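Colleague: First the structure, which I've put down as structure tokens, then a few questions once you've had a look.
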Amino acid sequence: MGKQTILFVDDEPNILSGLQRMLRFLRYEMDLHFVESGKAALEFMAAHHVDVIVSDMRMPGMDGATLLSTVQEQFPHAIRIMLTGQADEDSVLRTVGIVHQFLAKPSTPETLKEVLGRACALQDLFKNEQLKALISRLGQLPSLPAVYAKLQHAIKNPECGLQDVAAIIEEDLAMSAKVLQLVNSAFFGFFKNIDSPSRAVNLLGLDTIKGLVLGIGVFTELKPTSETNFSIQSLWEHSMGVAAFAKTIAKEETKVKELIDHAFIAGLVHDIGKLLLFSSLHQQYTEVIALAQSENMVFCQAEQQILNADHTDAGGYLIGLWGLPGPVVEAVTFHHRLDQYPTPSFCTAVAVHAADVIYHTLYPDPYFAMPVLNKLYLDQAGVAHRFDHWCKICQQMKV
Ligand SMILES: [Fe+2]
Ligand SMILES: [Fe+2]
């Protein structure tokens with residue numbers, strides 16, 4: 001693949017020239033450009049293809065939030081990263097849904113390299129012709145589930161409190177019933193007898209609730225009209241299990257709240273591509289299932305053989321379009337191919353990969369082959385020795 005184009009936007013010339021110096025070592029891998037305003041950024045993007053845009057939050061005239069939401073509308077393929085200082089917490093909350101990833105200011109060259117490298121690897125995959133062909137066969141792609149979109153919108157308002165969030169969930173009776181059923185289920189372990197969405201929101205926090213609403217919404221909207229030997233119910237149980245395991249694993253390895261929340265959401269939607277392919281290409285996906293079953297193949301292999309692309313491509317592409325956070329999109333896209341994921345370290349994708357393998361080990365499916373643990377990547381990420389411990393704690397959560 002050719003070099004990716006990255007555009008940096010900051011109104012302070014000193015910061016831009018600092019970035020330029022700091023990132024000089026990347027010039028053979030990436031095409032880096034620097035502009036001083038939102039207006040200049042949009043003009044640049046109208047004239048050139050940009051893969052990743054990194055913008056400052058506070059800028060006179062057009063601020064980072066306005067710039068990135070315009071980019072989302074006009075250039076939806078570009079990955080949107082926001083650089084934020086400590087004082088920007090309120091604005092951060094309001095840009096969730098527009099921004100793929102937030103980066104603290106100042107970031108080290110290593111962090112910038114890691115984040116940009118991963119964003120570029122994702123862009124490379126999405127340029128794949130076979131994936132494009134598959135996506136064009138899917139027809140109209142499903143939109144972001146309605147209640148989730150409402151939550152995203154409400155959170156942009158700085159006055160929005162937890163009670164408002166609960167009220168939005170309560171408006172949709174089916175959704176609130178499912179949220180309550182899940183938070184009272186054994187997977188959450190600690191909470192019993194939660195009888196209202198507002199208690200659930202208070203106890204679980206906004207991010208986990210948002211993840212649940214997304215997962216439930218996706219599974220409701222993409223529910224296929226007929227099921228064959230592929231059970232949507234067991235895919236949902238698998239997704240819940242992987243979400244709970246990935247979150248637990250992340251909690252063992254990091255104190256970074258964002259990573260823990262991302263692990264939960266990514267676990268819930270990691271196999272959304274299967275659901276999408278099954279509901280949009282029903283006939284062909286039935287062939288995929290038959291092939292996986294008869295040859296005892298892992299799903300990705302059978303999907304590649306029949307569709308020339310797999311559920312990680314389709315799922316990552318869809319949630320990327322929906323504007324979910326970068327680490328979530330990456331975890332969905334790379335959960336079966338960590339070998340193509342740059343800069344090994346413990347991250348959301350590793351948590352989901354391990355959680356998926358552990359779930360399949362604890363709940364074996366007699367009809368399909370199990371995904372294989374990528375020990376080499378875990379080793380490079382420095383966490384291979386932790387795997388047995390992860391298995392043990394997930395085993396204790398087994399329901
Ligand atoms: Fe998968
Ligand atoms: Fe899975």
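Residue names in the structure tokens use chain letters A, B, ... in the order shown, residue numbers from 1 in each chain, and ligand numbers from 1 in the order shown.
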Give me the chain A side of the contact with ligand 1, cut-off 7 Å, one line per residue showing its nearest atom pair and distance in Å at one decimal, counting only C-alpha atoms and all ligand atoms, sorted by chain and residue number, as JSON lines.
Modeller:
```
{"residue": "A:His270", "atom": "CA", "partner": "ligand 1", "partner_atom_place_in_ligand_line": "1 (Fe)", "distance": 6.2}
{"residue": "A:Asp271", "atom": "CA", "partner": "ligand 1", "partner_atom_place_in_ligand_line": "1 (Fe)", "distance": 4.8}
{"residue": "A:His311", "atom": "CA", "partner": "ligand 1", "partner_atom_place_in_ligand_line": "1 (Fe)", "distance": 6.8}
{"residue": "A:Thr312", "atom": "CA", "partner": "ligand 1", "partner_atom_place_in_ligand_line": "1 (Fe)", "distance": 6.5}
{"residue": "A:His335", "atom": "CA", "partner": "ligand 1", "partner_atom_place_in_ligand_line": "1 (Fe)", "distance": 6.6}
{"residue": "A:His336", "atom": "CA", "partner": "ligand 1", "partner_atom_place_in_ligand_line": "1 (Fe)", "distance": 6.4}
```
Colleague: Take the residues just selected and output them with N, CA and C atoms as a PDB file, in the first residue's frame.
Modeller:
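What ended up in result_11.pdb:
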```
ATOM      1  N   HIS A 270     -18.204  -7.243  18.428  1.00  0.00           N
ATOM      2  CA  HIS A 270     -17.068  -7.774  17.656  1.00  0.00           C
ATOM      3  C   HIS A 270     -17.507  -8.654  16.487  1.00  0.00           C
ATOM      4  N   ASP A 271     -18.626  -9.365  16.637  1.00  0.00           N
ATOM      5  CA  ASP A 271     -19.073 -10.240  15.546  1.00  0.00           C
ATOM      6  C   ASP A 271     -20.270  -9.657  14.797  1.00  0.00           C
ATOM      7  N   HIS A 311     -16.249 -11.447   8.238  1.00  0.00           N
ATOM      8  CA  HIS A 311     -17.099 -10.644   9.133  1.00  0.00           C
ATOM      9  C   HIS A 311     -16.333  -9.535   9.834  1.00  0.00           C
ATOM     10  N   THR A 312     -15.015  -9.676   9.969  1.00  0.00           N
ATOM     11  CA  THR A 312     -14.258  -8.606  10.640  1.00  0.00           C
ATOM     12  C   THR A 312     -14.174  -7.380   9.722  1.00  0.00           C
ATOM     13  N   HIS A 335      -9.774  -8.559  15.368  1.00  0.00           N
ATOM     14  CA  HIS A 335      -9.843  -9.563  16.438  1.00  0.00           C
ATOM     15  C   HIS A 335      -9.432 -10.963  16.000  1.00  0.00           C
ATOM     16  N   HIS A 336      -9.436 -11.248  14.685  1.00  0.00           N
ATOM     17  CA  HIS A 336      -8.925 -12.550  14.233  1.00  0.00           C
ATOM     18  C   HIS A 336      -7.607 -12.428  13.480  1.00  0.00           C
TER      19      HIS A 336
END
```
Colleague: Going by DSSP on the backbone, which bits of range 77-284 of chain A are strand (DSSP E or B)? Write them as JSON, numbers by chain, please.
Modeller: {"A": [79, 80, 81, 82, 83, 84, 96, 99, 101, 102, 103, 104]}
Colleague: Could you report the residues within 9 Å of ligand 2, using only C-alpha atoms and all ligand atoms, as a list in words?
Modeller: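 Counting only what the definition allows, namely only C-alpha atoms and all ligand atoms, the set is Leu235, His238, Ser239, Val242, Gly267, His270, Asp271, His335, His336, Val352, His353, Ala355, Asp356, Val357, Tyr359, His360 and Pro371 of chain A.
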Colleague: Leaving out range 114-122 of chain A and any residue of its chain fewer than 5 positions from it, which residues lie within 10 Å of it when counting only C-alpha atoms, given as a VMD selection string?
Modeller: chain A and resid 1 3 to 6 26 29 to 30 51 to 54 78 to 81 100 to 103 108 to 109 127 313 316 to 317 320 326 to 327 329 to 330 333 to 334 340 to 345
Colleague: Excluding Ser196 in chain A and its own-chain neighbours fewer than 5 positions away, which residues fall within 9 Å of it when counting only C-alpha atoms? Please give them as JSON, numbers by chain.
Modeller: {"A": [166, 170, 176, 180, 201]}
Colleague: Select, from A:Asp261, A:Asp388, A:Glu295, A:Asp339, the residue with the minimum atom-to-atom distance to Ala369 in chain A, counting only C-alpha atoms.
Modeller: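 Of the candidates, the smallest distance to Ala369 in chain A is held by A:Glu295.
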Colleague: Can you tell me which residues surround Ala266 in chain A at a distance of at most 8 Å, considering only C-alpha atoms, apart from same-chain residues fewer than 2 positions away, and format the answer as a ChimeraX atom specification?
Modeller: /A:243,262-264,268-270,328-329,331-332,348,352
Colleague: Which residues come within 9 Å of Thr248 in chain A, counting only C-alpha atoms, excluding same-chain residues fewer than 6 positions away, as a PyMOL selection string?
Modeller: chain A and resi 260+263-264+351+390+393-394
Colleague: Limited to C-alpha atoms, could you put the picked residues into a file as an mmCIF file, in the first residue's frame?
Modeller:
```
data_model
loop_
_atom_site.group_PDB
_atom_site.id
_atom_site.type_symbol
_atom_site.label_atom_id
_atom_site.label_comp_id
_atom_site.auth_asym_id
_atom_site.auth_seq_id
_atom_site.Cartn_x
_atom_site.Cartn_y
_atom_site.Cartn_z
ATOM 1 C CA ILE A 260 -11.944 -0.807 29.873
ATOM 2 C CA ALA A 263 -13.201 -3.433 25.616
ATOM 3 C CA PHE A 264 -16.824 -3.890 26.718
ATOM 4 C CA ALA A 351 -8.626 -7.959 25.191
ATOM 5 C CA TRP A 390 -7.354 -14.379 32.347
ATOM 6 C CA ILE A 393 -10.979 -15.259 36.169
ATOM 7 C CA CYS A 394 -13.283 -15.725 33.158
#
```
Colleague: Suppose you want the space between CA of Ile98 in chain A and CA of Gly323 in chain A; what is it in Å?
Modeller: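 Computed distance, CA of Ile98 in chain A to CA of Gly323 in chain A, equals 6.1 Å.
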Colleague: Just want the 9 Å neighbourhood of Ala309 in chain A, counted on only C-alpha atoms, with same-chain residues fewer than 6 positions away dropped. Output as a ChimeraX atom specification.
Modeller: /A:130-131,134,300,303
Colleague: For a test of reading the model, state the distance in Å between CA of Ile265 in chain A and CA of Ile216 in chain A, rounded to one decimal.
Modeller: 11.3 Å
Colleague: Among range 334-379 of chain A, which ones does DSSP place in alpha helix (DSSP H), written as a ChimeraX atom specification?
Modeller: /A:334,348-362,375-379
Colleague: Rank nothing, just name the residue among A:Gln380, A:Ser17, A:Asn128, A:Ser37 nearest to Pro60 in chain A, using only C-alpha atoms.
Modeller: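 Of A:Gln380, A:Ser17, A:Asn128, A:Ser37, the one nearest Pro60 in chain A, counting only C-alpha atoms, is A:Ser37.
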Colleague: Using only C-alpha atoms, which of A:Leu42, A:Gly217, A:Lys247, A:Gly315 sits nearest Ala174 in chain A?
Modeller: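 Closest candidate: A:Gly217.
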Colleague: Between A:Val99, A:Cys391, A:Val71, A:Leu23, which residue has the minimum interatomic distance to Leu112 in chain A, considering only C-alpha atoms?
Modeller: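 That would be A:Leu23, the residue with the smallest distance to Leu112 in chain A.
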